[in-house]
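**Q** Just passing along the structure, written as structure tokens.
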Amino acid sequence: MPRKLAWDRDETVVEQAEQDMVAQDDRSVAPSLDSGRQEIGLFRPFGFSDADEIKRRARERARQKPEAYNVHDCYYKTGFIQKVAKHAYFENVTLAVIVVNAIWIAIDADENPAETLLDAKWPFVFADVSFFSYFLLELIIRFLAFERKCNCFKDGWFVFDTSLVTLYMFDPFIITLAVAASGGAKIDLPTSVLRLFRLARLSRP
């Protein structure tokens, strides 16, 4: 019986020694594993911890991407003028008038020999007055629709259309007034070239 107790005690000592050796090995391996994890972390793309983190960052950047510019965002949110300026019919009618005006410019160049409205036949005078009146009215409506009027000068198409309407006012109206004021004296200006600039309105989206 004492021999059995001694044998059991020896087995217990051996098992304890084996457990101590395993624990010591674990402690020696743990630092190398930690350093390995750190080294692997250095080579992870973008420095993110895992794929979910990469997806989350990508979604955040997508949400922070600025929206495309839309001039309607600069208009009033309520009111009759802004409603007209935003309406699809208003834009479509304006586009149709631009196309008809481009056709009329070709007709005017072939059939109207007059250099000013003073010498032009009434259909040509009526057409110029009608087209200019519509383009001026359209520009005024768009200007009044802006909530902050200074934003209209930041809108490229508004500035572009304003330049063309100003050019349209210069030729033929201001030139006609200048000729009338000078008693009918001829003004040497390339009016036919100036009228061709109106075709640039066809480039509007």
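Going by the structure tokens order, chains are called A, B, ..., each with residues numbered from 1, while ligands are numbered from 1 in the order shown.
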Within 9 Å of Asp128 in chain A, counting only C-alpha atoms, which residues show up once you throw out same-chain ones fewer than 2 positions away? Write them as a count of residues only, please.
**A** 12
**Q** Using only C-alpha atoms, which residue out of A:Asn92, A:Ser203, A:Thr162, A:Thr116 lies closest to Ile174 in chain A?
**A**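 Among A:Asn92, A:Ser203, A:Thr162, A:Thr116, it is A:Thr116 that comes nearest to Ile174 in chain A.
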**Q** Please provide as a short mmCIF file (atom, residue, chain, number, x, y, z; two decimals) with all heavy atoms, in the first residue's frame all residues within 10 Å of Asn112 in chain A, with the sequence filter that same-chain residues fewer than 6 positions apart are discarded (counting only C-alpha atoms).
**A**
```
data_model
loop_
_atom_site.label_atom_id
_atom_site.label_comp_id
_atom_site.auth_asym_id
_atom_site.auth_seq_id
_atom_site.Cartn_x
_atom_site.Cartn_y
_atom_site.Cartn_z
N ILE A 105 -32.82 82.43 -88.35
CA ILE A 105 -31.56 83.13 -88.64
C ILE A 105 -31.09 82.78 -90.05
O ILE A 105 -30.60 83.64 -90.79
CB ILE A 105 -30.49 82.76 -87.60
CG1 ILE A 105 -30.83 83.39 -86.24
CG2 ILE A 105 -29.10 83.22 -88.05
CD1 ILE A 105 -29.89 82.98 -85.12
N ALA A 106 -31.25 81.51 -90.43
CA ALA A 106 -30.87 81.10 -91.79
C ALA A 106 -31.76 81.78 -92.83
O ALA A 106 -31.27 82.24 -93.88
CB ALA A 106 -30.96 79.59 -91.92
N ASP A 119 -34.78 99.46 -92.32
CA ASP A 119 -34.97 99.14 -93.73
C ASP A 119 -35.59 97.76 -93.94
O ASP A 119 -35.86 97.38 -95.09
CB ASP A 119 -33.63 99.20 -94.47
CG ASP A 119 -32.95 100.56 -94.32
OD1 ASP A 119 -33.68 101.57 -94.33
OD2 ASP A 119 -31.71 100.59 -94.18
N ALA A 120 -35.79 96.99 -92.87
CA ALA A 120 -36.29 95.62 -93.00
C ALA A 120 -37.80 95.61 -93.18
O ALA A 120 -38.52 96.52 -92.75
CB ALA A 120 -35.91 94.81 -91.77
N LYS A 121 -38.29 94.56 -93.82
CA LYS A 121 -39.72 94.37 -93.98
C LYS A 121 -40.32 93.94 -92.64
O LYS A 121 -39.63 93.41 -91.76
CB LYS A 121 -40.00 93.33 -95.05
CG LYS A 121 -39.53 93.76 -96.44
CD LYS A 121 -39.82 92.67 -97.46
CE LYS A 121 -39.33 93.08 -98.85
NZ LYS A 121 -39.59 92.05 -99.88
N PRO A 123 -42.20 91.44 -91.54
CA PRO A 123 -42.07 90.09 -90.97
C PRO A 123 -40.73 89.90 -90.24
O PRO A 123 -40.68 89.23 -89.20
CB PRO A 123 -42.18 89.17 -92.19
CG PRO A 123 -42.92 89.96 -93.20
CD PRO A 123 -42.46 91.36 -93.00
N PHE A 124 -39.67 90.49 -90.77
CA PHE A 124 -38.36 90.35 -90.12
C PHE A 124 -38.30 91.16 -88.83
O PHE A 124 -37.70 90.72 -87.84
CB PHE A 124 -37.26 90.80 -91.09
CG PHE A 124 -37.19 89.97 -92.34
CD1 PHE A 124 -37.76 90.41 -93.53
CD2 PHE A 124 -36.56 88.73 -92.33
CE1 PHE A 124 -37.70 89.63 -94.69
CE2 PHE A 124 -36.49 87.95 -93.47
CZ PHE A 124 -37.07 88.41 -94.65
#
```
**Q** Could you work out how far CA of Lys154 in chain A lies from CA of Asp171 in chain A, giving the answer in Å with one decimal?
**A** 26.1 Å
**Q** Between CA of Leu139 in chain A and CA of Thr166 in chain A, what is the distance, to one decimal in Å?
**A**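 Interatomic distance, CA of Leu139 in chain A to CA of Thr166 in chain A: 10.8 Å.
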**Q** Calculate how many Å separate CA of Ile107 in chain A from CA of Trp122 in chain A, rounding to one decimal.
**A**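 So the answer is 14.3 Å.
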**Q** Go through A:Glu115, A:Arg201, A:Lys83, A:Val71 and flag the residue nearest Lys186 in chain A, using only C-alpha atoms for the distances.
**A**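 Ranking A:Glu115, A:Arg201, A:Lys83, A:Val71 by distance to Lys186 in chain A, first place goes to A:Glu115.
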**Q** Can you tell me, as a ChimeraX atom specification, what residues are no more than 10 Å from Glu138 in chain A when counting only C-alpha atoms, ignoring any on the same chain fewer than 2 positions away?
**A** /A:84-85,90-91,94,132-136,140-143,161
**Q** Taking the chain letters and numbering used in this document, name the residues of range 70-197 of chain A that DSSP puts in helix (DSSP H, G or I), as a ChimeraX atom specification.
**A** /A:71-74,80-86,88-111,122-145,149-154,156-181,191-197
**Q** Write out as a list in words each polymer residue whose atoms come within 12 Å of Phe160 in chain A, counting only C-alpha atoms; drop sequence neighbours fewer than 2 positions from it.
**A**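 After dropping sequence-adjacent residues, the list is Leu139, Cys152, Phe153, Lys154, Asp155, Gly156, Trp157, Phe158, Thr162, Ser163, Leu164, Val165, Thr166, Leu167, Phe197, Arg198, Ala200, Arg201, Leu202, Ser203 and Arg204 of chain A.
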**Q** Selection from above, N, CA and C atoms, as a PDB file, in the first residue's frame, can you write it?
**A**
```pdb
ATOM      1  N   LEU A 139     -35.179  84.890 -69.411  1.00  0.00           N
ATOM      2  CA  LEU A 139     -34.049  85.229 -68.547  1.00  0.00           C
ATOM      3  C   LEU A 139     -34.525  85.899 -67.259  1.00  0.00           C
ATOM      4  N   CYS A 152     -26.990  83.560 -59.343  1.00  0.00           N
ATOM      5  CA  CYS A 152     -27.210  83.474 -60.781  1.00  0.00           C
ATOM      6  C   CYS A 152     -25.907  83.713 -61.545  1.00  0.00           C
ATOM      7  N   PHE A 153     -24.993  84.497 -60.948  1.00  0.00           N
ATOM      8  CA  PHE A 153     -23.708  84.756 -61.606  1.00  0.00           C
ATOM      9  C   PHE A 153     -22.738  83.589 -61.438  1.00  0.00           C
ATOM     10  N   LYS A 154     -23.108  82.621 -60.584  1.00  0.00           N
ATOM     11  CA  LYS A 154     -22.299  81.413 -60.428  1.00  0.00           C
ATOM     12  C   LYS A 154     -22.780  80.288 -61.332  1.00  0.00           C
ATOM     13  N   ASP A 155     -23.951  80.492 -61.930  1.00  0.00           N
ATOM     14  CA  ASP A 155     -24.499  79.490 -62.829  1.00  0.00           C
ATOM     15  C   ASP A 155     -23.983  79.766 -64.241  1.00  0.00           C
ATOM     16  N   GLY A 156     -23.229  78.824 -64.790  1.00  0.00           N
ATOM     17  CA  GLY A 156     -22.587  79.040 -66.084  1.00  0.00           C
ATOM     18  C   GLY A 156     -23.566  79.271 -67.214  1.00  0.00           C
ATOM     19  N   TRP A 157     -24.669  78.499 -67.245  1.00  0.00           N
ATOM     20  CA  TRP A 157     -25.635  78.649 -68.322  1.00  0.00           C
ATOM     21  C   TRP A 157     -26.393  79.969 -68.228  1.00  0.00           C
ATOM     22  N   PHE A 158     -26.658  80.435 -67.037  1.00  0.00           N
ATOM     23  CA  PHE A 158     -27.342  81.727 -66.897  1.00  0.00           C
ATOM     24  C   PHE A 158     -26.443  82.844 -67.407  1.00  0.00           C
ATOM     25  N   THR A 162     -27.272  85.110 -70.635  1.00  0.00           N
ATOM     26  CA  THR A 162     -27.302  86.564 -70.462  1.00  0.00           C
ATOM     27  C   THR A 162     -26.422  87.253 -71.495  1.00  0.00           C
ATOM     28  N   SER A 163     -25.275  86.671 -71.762  1.00  0.00           N
ATOM     29  CA  SER A 163     -24.373  87.244 -72.774  1.00  0.00           C
ATOM     30  C   SER A 163     -25.014  87.225 -74.155  1.00  0.00           C
ATOM     31  N   LEU A 164     -25.693  86.119 -74.484  1.00  0.00           N
ATOM     32  CA  LEU A 164     -26.324  86.022 -75.799  1.00  0.00           C
ATOM     33  C   LEU A 164     -27.511  86.971 -75.930  1.00  0.00           C
ATOM     34  N   VAL A 165     -28.289  87.120 -74.875  1.00  0.00           N
ATOM     35  CA  VAL A 165     -29.422  88.051 -74.915  1.00  0.00           C
ATOM     36  C   VAL A 165     -28.914  89.485 -75.034  1.00  0.00           C
ATOM     37  N   THR A 166     -27.824  89.783 -74.334  1.00  0.00           N
ATOM     38  CA  THR A 166     -27.226  91.122 -74.459  1.00  0.00           C
ATOM     39  C   THR A 166     -26.743  91.357 -75.883  1.00  0.00           C
ATOM     40  N   LEU A 167     -26.154  90.340 -76.488  1.00  0.00           N
ATOM     41  CA  LEU A 167     -25.717  90.449 -77.875  1.00  0.00           C
ATOM     42  C   LEU A 167     -26.905  90.631 -78.809  1.00  0.00           C
ATOM     43  N   PHE A 197     -23.677  84.276 -83.711  1.00  0.00           N
ATOM     44  CA  PHE A 197     -23.397  83.917 -82.323  1.00  0.00           C
ATOM     45  C   PHE A 197     -24.652  83.424 -81.604  1.00  0.00           C
ATOM     46  N   ARG A 198     -25.833  83.817 -82.097  1.00  0.00           N
ATOM     47  CA  ARG A 198     -27.063  83.366 -81.454  1.00  0.00           C
ATOM     48  C   ARG A 198     -27.239  81.856 -81.575  1.00  0.00           C
ATOM     49  N   ALA A 200     -25.247  79.755 -80.814  1.00  0.00           N
ATOM     50  CA  ALA A 200     -24.598  79.095 -79.681  1.00  0.00           C
ATOM     51  C   ALA A 200     -25.610  78.613 -78.658  1.00  0.00           C
ATOM     52  N   ARG A 201     -26.811  79.167 -78.676  1.00  0.00           N
ATOM     53  CA  ARG A 201     -27.858  78.723 -77.746  1.00  0.00           C
ATOM     54  C   ARG A 201     -28.274  77.288 -78.025  1.00  0.00           C
ATOM     55  N   LEU A 202     -27.984  76.787 -79.212  1.00  0.00           N
ATOM     56  CA  LEU A 202     -28.303  75.395 -79.513  1.00  0.00           C
ATOM     57  C   LEU A 202     -27.492  74.428 -78.694  1.00  0.00           C
ATOM     58  N   SER A 203     -26.401  74.895 -78.121  1.00  0.00           N
ATOM     59  CA  SER A 203     -25.546  74.016 -77.312  1.00  0.00           C
ATOM     60  C   SER A 203     -26.089  73.811 -75.904  1.00  0.00           C
ATOM     61  N   ARG A 204     -27.175  74.474 -75.571  1.00  0.00           N
ATOM     62  CA  ARG A 204     -27.759  74.304 -74.238  1.00  0.00           C
ATOM     63  C   ARG A 204     -28.262  72.881 -74.066  1.00  0.00           C
TER      64      ARG A 204
END
```
